[in-house]
Amino acid sequence: LPVDRFDLAIFGGTGDLALRKLLPGLFRRFLDGQIVPGSRILGIARDALDDDAYRARVGEALERSGCGAGPRTAEFLQLIGFRTLDATADQGWDAFAGELKAREPRPVRVFYLAVGPALFVDICEKLRTHGLNGDDARIVIEKPIGKDSASAARINDAIGAGFDERHIFRIDHYLGKETVQNLLALRFANALFEPLWNAAHIDHVQITVAETLGMEQRASYYDTAGALRDMVQNHLLQLLCMVAMEPPATLNADAVRDEKLKVLRALRPIDAGNAAALTVRGQYRAGAAAGKAVPGYAEELGRSDSRTETFVALKAEIGNWRWGGVPFYLRTGKRLAERVSEIVVSFRQVPHSIFDAASGPVTRNKLVLRLQPDEGVKLFLMIKEPGPGGLRLKRVPLDMTFAETFGVHQPEAYERLLMDVVRGNPTLFMRRDEVEAAWQWIDPILAAWNADREPPKSYTAGSWGPGAAVALIERDGRTWHEES
Ligand code: BG6
């Protein structure tokens with residue numbers, strides 16, 4: 001369905017996020033007919049570019065991202081312009097505001113802050129003083145929203161001074177991934193799972209987000225963040241919330257976000273007293289990725305004294321009636337063996353086996369939600385191995401791979417989320433209190449790590465992380481899921 005006519009201003013318009021994700025995403029929405037004529041996309045940065053020079057850059061970015069230079073590319077590029085603005089100087093702002101205000105009839109206004117958090121406050125202030133924060137304006141901010149709960153609160157205060165919470169869209173692009181939204185459908189549009197979705201029937205949950213990439217060209221950000229802030233505070237905790245939340249009464253944004261918030265607040269604290277037992281952090285050393293030798297983190301950084309973690313595994317528990325005693329094992333890392341993101345819900349063992357040793361073991365049922373690649377859902381069940389030779393048990397997956405089932409390209413997370421912003425639907429965005437509650441759980445873990453003299457454990461690039469991450473789960477008599 002087409003969305004309303006809009007003016008979208010992308011601050012950081014020449015940056016990596018804009019060129020690699022946002023503009024190709026918008027192009028695909030345009031090809032699908034969701035963007036109506038009269039909409040405009042303005043790249044904004046300090047660079048002295050004109051519309052044509054920027055269009056040329058966007059055109060190249062579209063080609064690089066595989067969208068190609070099809071017949072409609074030129075048409076899309078005509079929606080695009082460029083304005084030179086500096087968030088910390090006044091020049092150009094009056095003209096920019098005047099231009100937006102002169103548009104009749106007035107389109108939806110979206111300001112996407114694809115810039116570092118250091119500029120959030122200045123940009124919001126400029127938008128406010130130029131009267132661009134009205135009821136039809138929406139502001140989109142990217143993580144990192146702060147580096148701890150205090151700095152997140154400061155950023156949220158400053159943005160809140162200019163914009164109403166209803167108009168602030170905090171992006172966590174994991175919530176835009178197709179399988180994550182599918183989790184809502186799976187849990188709440190099927191009668192089958194919900195009665196089993198609790199500590200009585202679920203043994204444990206695993207959430208893995210493994211990447212083969214290293215820190216890439218982002219040393220200045222990444223080395224001050226690390227995997228806990230970069231991935232766990234946002235993406236992994238959001239996934240955990242989607243798995244663990246109570247059924248919201250409706251899909252209304254606040255109904256969903258209220259339930260997620262309760263989960264975050266029910267997470268059992270990890271602090272100096274138990275961090276050593278419940279968390280593992282690692283940093284990659286030289287190894288191989290996709291068959292090619294790659295340097296270690298310290299070599300990429302050009303320093304060997306960084307204690308920044310590129311890998312985290314931890315055991316979280318949610319202290320509430322539904323989940324008491326069910327561990328949620330989370331792990332994420334750079335330069336791991338494979339790129340794979342998945343949620344594994346492992347059910348309890350049958351209470352008693354009627355089969356003898358010759359049948360083989362009865363293993364747990366598992367529901368595996370694969371976020372990427374090969375998005376889909378698998379339910380592992382025990383069956384009898386076909387054939388006349390006695391009753392031998394075998395675990396097989398009921399398999400629904402989306403690409404095979406639907407045969408269509410799944411939209412990328414940003415495509416869906418950008419259209420939701422224009423529609424004014426914040427269900428898949430984080431509310432202020434969620435972001436801060438997530439930080440409040442992360443803060444004591446960071447404090448415990450900072451107080452710890454031990455550096456992160458080293459792991460070989462291309463492996464599955466430090467051995468201690470395997471030990472973390474095996475100590476409990478469980479193993480990380482491997483496809484079988
Ligand atoms: C980003 C992190 O939020 O998510 C990156 O900052 C990470 O470090 C990326 O690589 C992973 O996203 P995706 O969609 O490729 O899994």
# chains A, B, ... in the order shown; residues from 1 in each chain; ligands from 1
call {"tool": "residues_near_ligand", "arguments": {"ligand": "ligand 1", "cutoff": "10 Å", "atoms": "only C-alpha atoms and all ligand atoms", "output": "ChimeraX atom specification"}}
result
/A:21,142-144,171-174,176-177,209-216,218,221-222,225-227,229-232,234-235,310,332-334,339-341,371-373,412-414
call {"tool": "select_by_dssp", "arguments": {"residues": "segment 292-390 of chain A", "states": "alpha helix (DSSP H)", "output": "list in words"}}
result
Tyr297, Ala298, Glu299, Glu300 and Leu301 of chain A
call {"tool": "closest_residue", "arguments": {"among": "A:Phe355, A:Gln283, A:Thr427, A:Asn198", "to": "Leu251 of chain A", "atoms": "only C-alpha atoms"}}
result
A:Thr427
call {"tool": "closest_residue", "arguments": {"among": "A:Ile442, A:Ala461, A:Val110, A:Ile473", "to": "Asp148 of chain A", "atoms": "only C-alpha atoms"}}
result
A:Ile442
call {"tool": "closest_residue", "arguments": {"among": "A:Glu60, A:Asp4, A:Asp203, A:Asp32", "to": "Ser346 of chain A", "atoms": "only C-alpha atoms"}}
result
A:Asp203
call {"tool": "closest_residue", "arguments": {"among": "A:Thr73, A:Leu237, A:Thr14, A:Ala61", "to": "Ala45 of chain A", "atoms": "only C-alpha atoms"}}
result
A:Thr14
call {"tool": "atom_distance", "arguments": {"atom1": "atom CA of Arg431 of chain A", "atom2": "atom CA of Arg257 of chain A"}}
result
7.0 Å
call {"tool": "residues_around", "arguments": {"residues": "Ile445 of chain A", "least_positions_apart": "5", "cutoff": "8 Å", "atoms": "only C-alpha atoms", "output": "list in words"}}
result
Ile270, Asp271, Ala272 and Ala275 of chain A
call {"tool": "write_last_selection", "arguments": {"atoms": "N, CA, C and O atoms", "output": "short mmCIF file (atom, residue, chain, number, x, y, z; two decimals), in the first residue's frame"}}
result
data_model
loop_
_atom_site.label_atom_id
_atom_site.label_comp_id
_atom_site.auth_asym_id
_atom_site.auth_seq_id
_atom_site.Cartn_x
_atom_site.Cartn_y
_atom_site.Cartn_z
N ILE A 270 22.88 -8.87 36.59
CA ILE A 270 24.21 -9.46 36.54
C ILE A 270 25.17 -8.36 36.96
O ILE A 270 25.15 -7.27 36.39
N ASP A 271 25.96 -8.61 37.98
CA ASP A 271 26.86 -7.57 38.48
C ASP A 271 28.18 -8.19 38.92
O ASP A 271 28.44 -9.36 38.60
N ALA A 272 28.95 -7.44 39.67
CA ALA A 272 30.28 -7.92 40.02
C ALA A 272 30.22 -9.27 40.74
O ALA A 272 31.13 -10.09 40.64
N ALA A 275 29.02 -11.82 37.51
CA ALA A 275 29.38 -11.64 36.10
C ALA A 275 30.37 -12.70 35.63
O ALA A 275 30.28 -13.18 34.49
#
call {"tool": "closest_residue", "arguments": {"among": "A:Pro247, A:Gly134, A:Gly92, A:Pro361", "to": "Met382 of chain A", "atoms": "only C-alpha atoms"}}
result
A:Pro361
call {"tool": "atom_distance", "arguments": {"atom1": "atom CA of Ile123 of chain A", "atom2": "atom CA of Ala137 of chain A"}}
result
13.7 Å
call {"tool": "atom_distance", "arguments": {"atom1": "atom CA of Ser39 of chain A", "atom2": "atom CA of Arg57 of chain A"}}
result
19.6 Å
call {"tool": "residues_around", "arguments": {"residues": "Gln349 of chain A", "least_positions_apart": "4", "cutoff": "8 Å", "atoms": "only C-alpha atoms", "output": "PyMOL selection string"}}
result
chain A and resi 362-365
call {"tool": "select_by_dssp", "arguments": {"residues": "segment 218-395 of chain A", "states": "strand (DSSP E)", "output": "PyMOL selection string"}}
result
chain A and resi 279-285+287-289+292-294+311-317+327-333+340-347+366-372+376-384+393-395
call {"tool": "closest_residue", "arguments": {"among": "A:Val422, A:Glu436, A:Ala298, A:Gln181", "to": "Arg154 of chain A", "atoms": "only C-alpha atoms"}}
result
A:Glu436
call {"tool": "residues_around", "arguments": {"residues": "Gly282 of chain A", "least_positions_apart": "2", "cutoff": "12 Å", "atoms": "only C-alpha atoms", "output": "MDAnalysis selection string"}}
result
chainID A and resid 226:228 279:280 284:285 296:297 306:314 331:336 449 454:461 463:469
call {"tool": "residues_around", "arguments": {"residues": "segment 401-408 of chain A", "least_positions_apart": "4", "cutoff": "7 Å", "atoms": "only C-alpha atoms", "output": "list in words"}}
result
Asp374, Glu375, Gly376 and Val377 of chain A
call {"tool": "residues_around", "arguments": {"residues": "segment 385-396 of chain A", "least_positions_apart": "3", "cutoff": "6 Å", "atoms": "only C-alpha atoms", "output": "list in words"}}
result
Ser359, Gly360, Phe380, Leu381 and Met382 of chain A
call {"tool": "decode", "arguments": {"residues": "segment 11-33 of chain A", "atoms": "N, CA and C atoms", "output": "tab-separated table (two decimals), in the first residue's frame"}}
result
chain	number	residue	atom	x	y	z
A	11	PHE	N	19.90	13.30	7.61
A	11	PHE	CA	21.14	13.90	8.11
A	11	PHE	C	22.20	12.81	8.11
A	12	GLY	N	23.36	13.14	7.58
A	12	GLY	CA	24.35	12.08	7.36
A	12	GLY	C	24.09	11.45	6.00
A	13	GLY	N	23.60	12.27	5.07
A	13	GLY	CA	23.18	11.76	3.76
A	13	GLY	C	24.31	11.20	2.91
A	14	THR	N	25.56	11.57	3.25
A	14	THR	CA	26.67	11.02	2.46
A	14	THR	C	27.32	9.84	3.18
A	15	GLY	N	26.76	9.49	4.33
A	15	GLY	CA	27.39	8.45	5.15
A	15	GLY	C	27.04	7.04	4.70
A	16	ASP	N	27.68	6.11	5.38
A	16	ASP	CA	27.58	4.70	5.04
A	16	ASP	C	26.15	4.17	5.17
A	17	LEU	N	25.50	4.50	6.28
A	17	LEU	CA	24.15	3.98	6.51
A	17	LEU	C	23.19	4.47	5.42
A	18	ALA	N	23.29	5.77	5.12
A	18	ALA	CA	22.38	6.35	4.13
A	18	ALA	C	22.60	5.69	2.76
A	19	LEU	N	23.86	5.59	2.37
A	19	LEU	CA	24.12	5.11	1.01
A	19	LEU	C	23.99	3.59	0.87
A	20	ARG	N	24.31	2.89	1.96
A	20	ARG	CA	24.32	1.42	1.84
A	20	ARG	C	22.96	0.81	2.17
A	21	LYS	N	22.23	1.43	3.10
A	21	LYS	CA	20.97	0.81	3.54
A	21	LYS	C	19.74	1.65	3.21
A	22	LEU	N	19.75	2.93	3.61
A	22	LEU	CA	18.51	3.70	3.54
A	22	LEU	C	18.08	3.97	2.10
A	23	LEU	N	19.01	4.48	1.29
A	23	LEU	CA	18.60	4.85	-0.08
A	23	LEU	C	18.26	3.63	-0.93
A	24	PRO	N	19.07	2.55	-0.87
A	24	PRO	CA	18.63	1.36	-1.62
A	24	PRO	C	17.28	0.84	-1.13
A	25	GLY	N	17.05	0.92	0.19
A	25	GLY	CA	15.76	0.48	0.74
A	25	GLY	C	14.63	1.34	0.18
A	26	LEU	N	14.84	2.64	0.16
A	26	LEU	CA	13.81	3.54	-0.38
A	26	LEU	C	13.58	3.27	-1.86
A	27	PHE	N	14.65	2.97	-2.57
A	27	PHE	CA	14.52	2.68	-3.99
A	27	PHE	C	13.62	1.46	-4.21
A	28	ARG	N	13.83	0.44	-3.40
A	28	ARG	CA	13.00	-0.77	-3.57
A	28	ARG	C	11.54	-0.49	-3.23
A	29	ARG	N	11.32	0.36	-2.23
A	29	ARG	CA	9.93	0.74	-1.91
A	29	ARG	C	9.32	1.53	-3.07
A	30	PHE	N	10.16	2.35	-3.70
A	30	PHE	CA	9.71	3.13	-4.85
A	30	PHE	C	9.32	2.19	-6.00
A	31	LEU	N	10.18	1.19	-6.24
A	31	LEU	CA	9.87	0.24	-7.33
A	31	LEU	C	8.57	-0.50	-7.07
A	32	ASP	N	8.29	-0.74	-5.79
A	32	ASP	CA	7.06	-1.45	-5.44
A	32	ASP	C	5.84	-0.53	-5.43
A	33	GLY	N	6.06	0.75	-5.72
A	33	GLY	CA	4.91	1.67	-5.81
A	33	GLY	C	4.46	2.22	-4.47
